[in-house]
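Participant: This is my_file17.txt, which holds compact mmCIF, C-alpha atoms:
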# COMPACT_ATOMS: atom_id res chain seq x y z
CA MET A 1 -192.23 -127.71 37.95
CA HIS A 2 -194.42 -126.00 40.55
CA CYS A 3 -197.56 -124.23 39.33
CA ASP A 4 -199.43 -121.58 41.33
CA GLU A 5 -203.11 -121.85 40.51
CA PHE A 6 -206.14 -119.71 41.24
CA ASP A 7 -209.54 -121.12 40.19
CA THR A 8 -213.01 -119.78 40.97
CA ALA A 9 -214.94 -122.89 39.84
CA ALA A 10 -215.40 -124.31 43.35
CA LEU A 11 -216.90 -121.07 44.70
CA PRO A 12 -220.60 -120.20 44.66
CA ALA A 13 -221.47 -118.31 41.46
CA HIS A 14 -222.25 -115.05 43.30
CA GLU A 15 -218.75 -115.04 44.91
CA GLN A 16 -216.67 -115.94 41.87
CA PHE A 17 -216.08 -112.51 40.36
CA ASP A 18 -215.34 -110.86 43.72
CA ALA A 19 -212.75 -113.56 44.41
CA TRP A 20 -211.13 -112.99 41.00
CA ARG A 21 -211.18 -109.21 41.43
CA GLY A 22 -209.62 -109.56 44.89
CA TRP A 23 -206.90 -111.84 43.58
CA TYR A 24 -206.00 -109.40 40.73
CA GLY A 25 -206.69 -106.30 42.82
CA GLN A 26 -203.09 -105.49 43.74
CA VAL A 27 -202.17 -104.86 40.11
CA PHE A 28 -205.44 -104.24 38.19
CA ASP A 29 -208.95 -102.90 38.64
CA THR A 30 -211.40 -105.25 36.92
CA ALA A 31 -215.03 -105.02 35.81
CA LEU A 32 -217.37 -107.50 34.14
CA LEU A 33 -218.37 -107.22 30.49
CA GLU A 34 -221.37 -109.52 30.98
CA SER A 35 -224.09 -110.02 33.58
CA ARG A 36 -222.93 -111.03 37.02
CA ASN A 37 -225.81 -113.53 37.23
CA ARG A 38 -223.87 -116.02 35.10
CA GLY A 39 -221.11 -116.43 37.62
CA PHE A 40 -217.44 -116.02 36.75
CA VAL A 41 -215.64 -119.32 36.27
CA ALA A 42 -212.00 -118.39 35.69
CA ARG A 43 -208.64 -120.05 36.14
CA ASN A 44 -205.06 -118.79 36.21
CA ARG A 45 -202.03 -121.07 36.29
CA THR A 46 -198.59 -119.47 36.67
CA TRP A 47 -195.13 -121.00 36.57
CA ASN A 48 -192.13 -119.04 37.85
CA LEU A 49 -189.32 -119.98 35.52
CA GLY A 50 -186.54 -118.25 37.43
CA GLY A 51 -186.46 -114.85 35.76
CA VAL A 52 -189.61 -115.07 33.65
CA ALA A 53 -193.16 -116.14 34.50
CA LEU A 54 -195.50 -118.04 32.20
CA SER A 55 -199.22 -117.71 32.81
CA HIS A 56 -202.25 -119.44 31.27
CA VAL A 57 -205.59 -117.73 31.92
CA SER A 58 -209.08 -118.85 31.02
CA ALA A 59 -211.73 -116.27 31.93
CA PRO A 60 -215.02 -114.69 30.89
CA GLY A 61 -215.05 -111.19 29.40
CA LEU A 62 -213.39 -108.48 31.47
CA SER A 63 -212.40 -104.87 31.50
CA VAL A 64 -208.98 -104.50 33.13
CA VAL A 65 -207.45 -101.15 34.09
CA ARG A 66 -203.98 -100.23 35.37
CA THR A 67 -204.11 -96.69 36.77
CA LYS A 68 -201.44 -94.31 38.06
CA THR A 69 -202.71 -95.02 41.57
CA LEU A 70 -202.20 -98.77 41.10
CA ILE A 71 -198.78 -98.20 39.54
CA ARG A 72 -197.73 -96.16 42.58
CA ARG A 73 -199.22 -98.67 45.03
CA GLU A 74 -197.85 -101.77 43.23
CA PRO A 75 -194.90 -100.56 41.13
CA VAL A 76 -194.45 -103.75 39.09
CA ASP A 77 -192.81 -102.66 35.84
CA HIS A 78 -192.58 -105.93 33.91
CA TRP A 79 -193.25 -106.22 30.23
CA VAL A 80 -196.06 -108.62 29.36
CA ILE A 81 -196.35 -110.46 26.07
CA THR A 82 -199.91 -111.74 25.67
CA LEU A 83 -201.30 -114.23 23.19
CA SER A 84 -205.12 -114.35 23.10
CA GLU A 85 -206.08 -117.64 21.55
CA ARG A 86 -209.62 -117.09 20.23
CA ARG A 87 -210.68 -113.44 20.49
CA ALA A 88 -209.35 -109.99 19.72
CA THR A 89 -208.28 -107.78 22.62
CA HIS A 90 -208.65 -103.99 22.70
CA VAL A 91 -206.03 -102.06 24.68
CA GLY A 92 -205.85 -98.31 25.21
CA GLY A 93 -203.13 -96.44 27.01
CA GLU A 94 -201.11 -93.27 27.31
CA ASN A 95 -199.30 -94.08 24.03
CA GLY A 96 -202.32 -94.89 21.85
CA SER A 97 -204.41 -97.99 21.40
CA LEU A 98 -204.36 -101.32 19.62
CA GLU A 99 -206.74 -104.05 18.54
CA ALA A 100 -204.80 -107.31 18.85
CA PRO A 101 -206.32 -110.10 16.76
CA ALA A 102 -206.52 -113.60 18.15
CA GLY A 103 -203.29 -115.51 17.57
CA GLN A 104 -201.05 -112.41 17.36
CA PRO A 105 -198.93 -111.67 20.43
CA PHE A 106 -198.86 -108.11 21.72
CA VAL A 107 -196.55 -106.31 24.16
CA LEU A 108 -197.52 -104.13 27.12
CA SER A 109 -195.67 -102.61 30.06
CA LEU A 110 -197.14 -102.83 33.56
CA GLY A 111 -195.31 -99.57 34.30
CA ARG A 112 -197.74 -97.66 32.07
CA GLU A 113 -201.41 -96.83 32.43
CA MET A 114 -203.71 -99.01 30.33
CA GLN A 115 -207.30 -100.03 29.78
CA ASN A 116 -207.86 -103.51 28.40
CA ARG A 117 -211.17 -104.98 27.18
CA ARG A 118 -211.13 -108.65 26.41
CA PRO A 119 -214.01 -111.02 25.75
CA ALA A 120 -214.12 -114.56 27.14
CA ASP A 121 -210.90 -116.20 26.03
CA GLU A 122 -207.80 -118.18 26.90
CA ARG A 123 -204.53 -116.27 27.09
CA ILE A 124 -200.91 -117.23 27.40
CA GLN A 125 -198.73 -114.54 28.94
CA LEU A 126 -195.02 -114.09 29.47
CA TYR A 127 -194.09 -111.71 32.32
CA LEU A 128 -190.62 -110.32 31.71
CA PRO A 129 -188.89 -108.50 34.59
CA ARG A 130 -186.75 -105.57 33.46
CA GLU A 131 -183.73 -106.79 35.45
CA THR A 132 -183.77 -110.14 33.62
CA PHE A 133 -184.49 -108.77 30.14
CA TYR A 134 -182.44 -105.54 30.30
CA ASN A 135 -180.39 -106.55 27.25
CA VAL A 136 -183.53 -106.56 25.05
CA ALA A 137 -185.14 -103.54 26.78
CA THR A 138 -184.88 -101.33 23.70
CA LEU A 139 -186.75 -103.90 21.59
CA LEU A 140 -189.43 -104.49 24.21
CA ASP A 141 -189.99 -100.77 24.86
CA ALA A 142 -190.25 -100.10 21.12
CA ALA A 143 -192.78 -102.95 20.76
CA CYS A 144 -195.04 -101.77 23.62
CA MET A 145 -198.64 -101.25 22.52
CA THR A 146 -198.07 -103.13 19.27
CA THR A 147 -199.03 -106.51 17.91
CA LEU A 148 -196.21 -108.68 16.65
CA GLN A 149 -197.08 -109.50 13.08
CA MET A 150 -195.60 -111.45 10.22
CA SER A 151 -193.22 -114.36 10.79
CA GLY A 152 -191.76 -113.07 14.08
CA GLY A 153 -195.20 -112.88 15.68
CA ARG A 154 -196.17 -116.34 14.46
CA LEU A 155 -192.89 -117.80 15.68
CA LEU A 156 -193.26 -116.20 19.12
CA ALA A 157 -196.89 -117.42 19.38
CA ASP A 158 -195.74 -120.97 18.58
CA TYR A 159 -192.94 -120.68 21.16
CA MET A 160 -195.39 -119.53 23.86
CA ARG A 161 -197.69 -122.48 23.09
CA LEU A 162 -194.69 -124.85 23.18
CA LEU A 163 -193.65 -123.51 26.58
CA LEU A 164 -197.17 -123.98 27.94
CA ARG A 165 -197.32 -127.59 26.73
CA ASN A 166 -193.92 -128.51 28.11
CA VAL A 167 -193.41 -126.48 31.28
CA PRO A 168 -195.17 -129.01 33.58
CA ASN A 169 -192.50 -131.58 32.63
CA LEU A 170 -189.46 -129.35 33.17
CA GLY A 171 -187.14 -129.53 36.16
CA ASP A 172 -185.40 -126.75 38.09
CA ASN A 173 -182.11 -127.55 36.34
CA ASP A 174 -183.77 -126.58 33.02
CA LEU A 175 -184.61 -123.03 34.17
CA PRO A 176 -181.35 -121.15 33.38
CA ARG A 177 -181.31 -122.46 29.81
CA LEU A 178 -185.02 -121.75 29.43
CA VAL A 179 -184.64 -118.09 30.44
CA ASP A 180 -181.70 -117.70 28.03
CA ALA A 181 -183.69 -119.38 25.23
CA THR A 182 -186.71 -117.17 25.92
CA ARG A 183 -184.56 -114.02 25.84
CA ALA A 184 -182.99 -115.10 22.54
CA MET A 185 -186.39 -115.99 21.03
CA ILE A 186 -187.88 -112.63 22.02
CA ALA A 187 -184.90 -110.78 20.55
CA ALA A 188 -185.16 -112.74 17.29
CA CYS A 189 -188.92 -112.24 17.00
CA LEU A 190 -189.05 -108.55 17.99
CA ALA A 191 -186.14 -107.22 15.97
CA PRO A 192 -187.98 -107.34 12.60
CA SER A 193 -191.25 -106.05 14.16
CA VAL A 194 -189.89 -102.73 15.41
CA ASN A 195 -187.78 -101.70 12.40
Would it be possible to restate this file's structure as structure tokens?
Facilitator:
Amino acid sequence: MHCDEFDTAALPAHEQFDAWRGWYGQVFDTALLESRNRGFVARNRTWNLGGVALSHVSAPGLSVVRTKTLIRREPVDHWVITLSERRATHVGGENGSLEAPAGQPFVLSLGREMQNRRPADERIQLYLPRETFYNVATLLDAACMTTLQMSGGRLLADYMRLLLRNVPNLGDNDLPRLVDATRAMIAACLAPSVN
């Protein structure tokens, strides 16, 4: 399975954050939470699974903003389910705010304004295009700006970790079943969370 990777480690320390900001700049405005003097060693690996993308990010602390201007310029409207492995993430947006504890997945929409503050961490993210996940749109929209708690949240977190461990060994012929399985897992895990 092909992986697209962006890594700042090989760059000089004073160029690392600018490279990261430039790479993310189409979709997000980013700012440092810590001194720029430390450099910004960060890595993003993304697998396109034929209707869903899986991303694994390791990065220092950041402030990430999605503004109306960015939404108009880059109108990506995917849902994103994020699992921060070690640290809580604070997200504010037009529909309120949330503090997502480490280990609890949370749902956002890239079609909405948001401000996201996250300390140094590793994150697993599922990017869910609306055209692929239209049949669970009501569940995903209802879960936006919420953490997925209880057994459904734990099950989805375990599934995201399982995908990350196994995706490098999957072949293209596995993709249609994987998208169907991911859709079914999300439906099963979200249904109890939004009632």
Participant: Restricting the calculation to all atoms listed in the file: of A:Val179, A:Leu190, A:Val64, A:Ala120, which residue gets closest to Pro105 (chain A)?
Facilitator: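 So, comparing all the options, the nearest one is A:Leu190.
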Participant: From (-201.1, -100.8, 40.8), in the file's coordinates, out to 10 Å: which residues are reached, counting all atoms listed in the file? Answer as an MDAnalysis selection string.
Facilitator: chainID A and resid 24:29 65:77 110:113
Participant: At a cut-off of 12 Å, using all atoms listed in the file, what residues contact Met185 (chain A)? Leave out same-chain residues fewer than 2 positions from it and give the result as a PDB file with C-alpha atoms, keeping the file's coordinate frame.
Facilitator:
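The file below, out_29.pdb, is the result:
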ATOM      1  CA  PHE A 133    -184.490-108.770  30.140  1.00  0.00           C
ATOM      2  CA  VAL A 136    -183.530-106.560  25.050  1.00  0.00           C
ATOM      3  CA  GLY A 152    -191.760-113.070  14.080  1.00  0.00           C
ATOM      4  CA  GLY A 153    -195.200-112.880  15.680  1.00  0.00           C
ATOM      5  CA  ARG A 154    -196.170-116.340  14.460  1.00  0.00           C
ATOM      6  CA  LEU A 155    -192.890-117.800  15.680  1.00  0.00           C
ATOM      7  CA  LEU A 156    -193.260-116.200  19.120  1.00  0.00           C
ATOM      8  CA  ALA A 157    -196.890-117.420  19.380  1.00  0.00           C
ATOM      9  CA  ASP A 158    -195.740-120.970  18.580  1.00  0.00           C
ATOM     10  CA  TYR A 159    -192.940-120.680  21.160  1.00  0.00           C
ATOM     11  CA  MET A 160    -195.390-119.530  23.860  1.00  0.00           C
ATOM     12  CA  LEU A 163    -193.650-123.510  26.580  1.00  0.00           C
ATOM     13  CA  LEU A 178    -185.020-121.750  29.430  1.00  0.00           C
ATOM     14  CA  VAL A 179    -184.640-118.090  30.440  1.00  0.00           C
ATOM     15  CA  ASP A 180    -181.700-117.700  28.030  1.00  0.00           C
ATOM     16  CA  ALA A 181    -183.690-119.380  25.230  1.00  0.00           C
ATOM     17  CA  THR A 182    -186.710-117.170  25.920  1.00  0.00           C
ATOM     18  CA  ARG A 183    -184.560-114.020  25.840  1.00  0.00           C
ATOM     19  CA  ALA A 187    -184.900-110.780  20.550  1.00  0.00           C
ATOM     20  CA  ALA A 188    -185.160-112.740  17.290  1.00  0.00           C
ATOM     21  CA  CYS A 189    -188.920-112.240  17.000  1.00  0.00           C
ATOM     22  CA  LEU A 190    -189.050-108.550  17.990  1.00  0.00           C
ATOM     23  CA  ALA A 191    -186.140-107.220  15.970  1.00  0.00           C
TER      24      ALA A 191
END
Participant: Have a look at A:Ala31, A:Asn37, A:Asn95, A:Leu49 and name the one nearest to Asp174 (chain A); count only C-alpha atoms.
Facilitator: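 Closest residue, counting only C-alpha atoms: A:Leu49.
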Participant: Give me, as a PyMOL selection string, all polymer residues having an atom no more than 12 Å from Ala142 (chain A), counting only C-alpha atoms and skipping those fewer than 2 positions away in the same chain.
Facilitator: chain A and resi 79+95+106-109+136-140+144-148+187+190-195
Participant: Which of these residues is nearest to Asn116 (chain A), using only C-alpha atoms: A:Asn169, A:Ser55, A:Asn44, A:Thr89?
Facilitator: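 Smallest distance to Asn116 (chain A) is found for A:Thr89.
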Participant: Quick one: pull the distance between CA of Gln104 (chain A) and CA of Met1 (chain A), Å, one decimal.
Facilitator: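 One can read the CA of Gln104 (chain A) to CA of Met1 (chain A) distance as 27.1 Å.
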Participant: Looking at A:Gln16, A:Gln115, A:Thr82, A:Thr46, which one is nearest to Pro60 (chain A), with distances taken over only C-alpha atoms?
Facilitator: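 Of A:Gln16, A:Gln115, A:Thr82, A:Thr46, the one nearest Pro60 (chain A) is A:Gln16, counting only C-alpha atoms.
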Participant: Given all atoms listed in the file as the basis, pick out the residue of A:Met150, A:Ala42, A:Ala53, A:Ala19 nearest to Cys3 (chain A).
Facilitator: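 Of A:Met150, A:Ala42, A:Ala53, A:Ala19, the one nearest Cys3 (chain A), counting all atoms listed in the file, is A:Ala53.
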Participant: Using all atoms listed in the file, pick whichever of A:Glu15, A:Glu94, A:Glu131, A:Trp47 has the shortest atom-to-atom distance to Leu170 (chain A).
Facilitator: A:Trp47
Participant: Would you pick out the contacts of Leu11 (chain A) at 12 Å or less, using only C-alpha atoms, so that residues sharing its chain but fewer than 3 positions from it are not included, and give the list as a list in words?
Facilitator: Phe6, Asp7, Thr8, His14, Glu15, Gln16, Phe17, Asp18, Ala19, Trp20, Gly39, Phe40, Val41, Ala42 and Arg43 of chain A
Participant: Produce a file of the selected residues containing C-alpha atoms, as a PDB file, keeping the file's coordinate frame.
Facilitator:
ATOM      1  CA  PHE A   6    -206.140-119.710  41.240  1.00  0.00           C
ATOM      2  CA  ASP A   7    -209.540-121.120  40.190  1.00  0.00           C
ATOM      3  CA  THR A   8    -213.010-119.780  40.970  1.00  0.00           C
ATOM      4  CA  HIS A  14    -222.250-115.050  43.300  1.00  0.00           C
ATOM      5  CA  GLU A  15    -218.750-115.040  44.910  1.00  0.00           C
ATOM      6  CA  GLN A  16    -216.670-115.940  41.870  1.00  0.00           C
ATOM      7  CA  PHE A  17    -216.080-112.510  40.360  1.00  0.00           C
ATOM      8  CA  ASP A  18    -215.340-110.860  43.720  1.00  0.00           C
ATOM      9  CA  ALA A  19    -212.750-113.560  44.410  1.00  0.00           C
ATOM     10  CA  TRP A  20    -211.130-112.990  41.000  1.00  0.00           C
ATOM     11  CA  GLY A  39    -221.110-116.430  37.620  1.00  0.00           C
ATOM     12  CA  PHE A  40    -217.440-116.020  36.750  1.00  0.00           C
ATOM     13  CA  VAL A  41    -215.640-119.320  36.270  1.00  0.00           C
ATOM     14  CA  ALA A  42    -212.000-118.390  35.690  1.00  0.00           C
ATOM     15  CA  ARG A  43    -208.640-120.050  36.140  1.00  0.00           C
TER      16      ARG A  43
END
Participant: Using only C-alpha atoms, which protein or nucleic acid residues come within 8 Å of His90 (chain A)? Drop anything in the same chain fewer than 4 positions from it, and give the result as a list in words.
Facilitator: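 Using only C-alpha atoms, the neighbours found are Ser97, Leu98, Glu99, Ala100, Asn116, Arg117 and Arg118 of chain A.
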Participant: If you measure from CA of Thr132 (chain A) to CA of Gly171 (chain A), what distance in Å do you get, rounded to one decimal?
Facilitator: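 According to the coordinates, CA of Thr132 (chain A) and CA of Gly171 (chain A) are separated by 19.8 Å.
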Participant: Between CA of Ser84 (chain A) and CA of Glu122 (chain A), what is the spacing in Å?
Facilitator: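 Atom-to-atom, CA of Glu122 (chain A) and CA of Ser84 (chain A) are spaced 6.0 Å apart.
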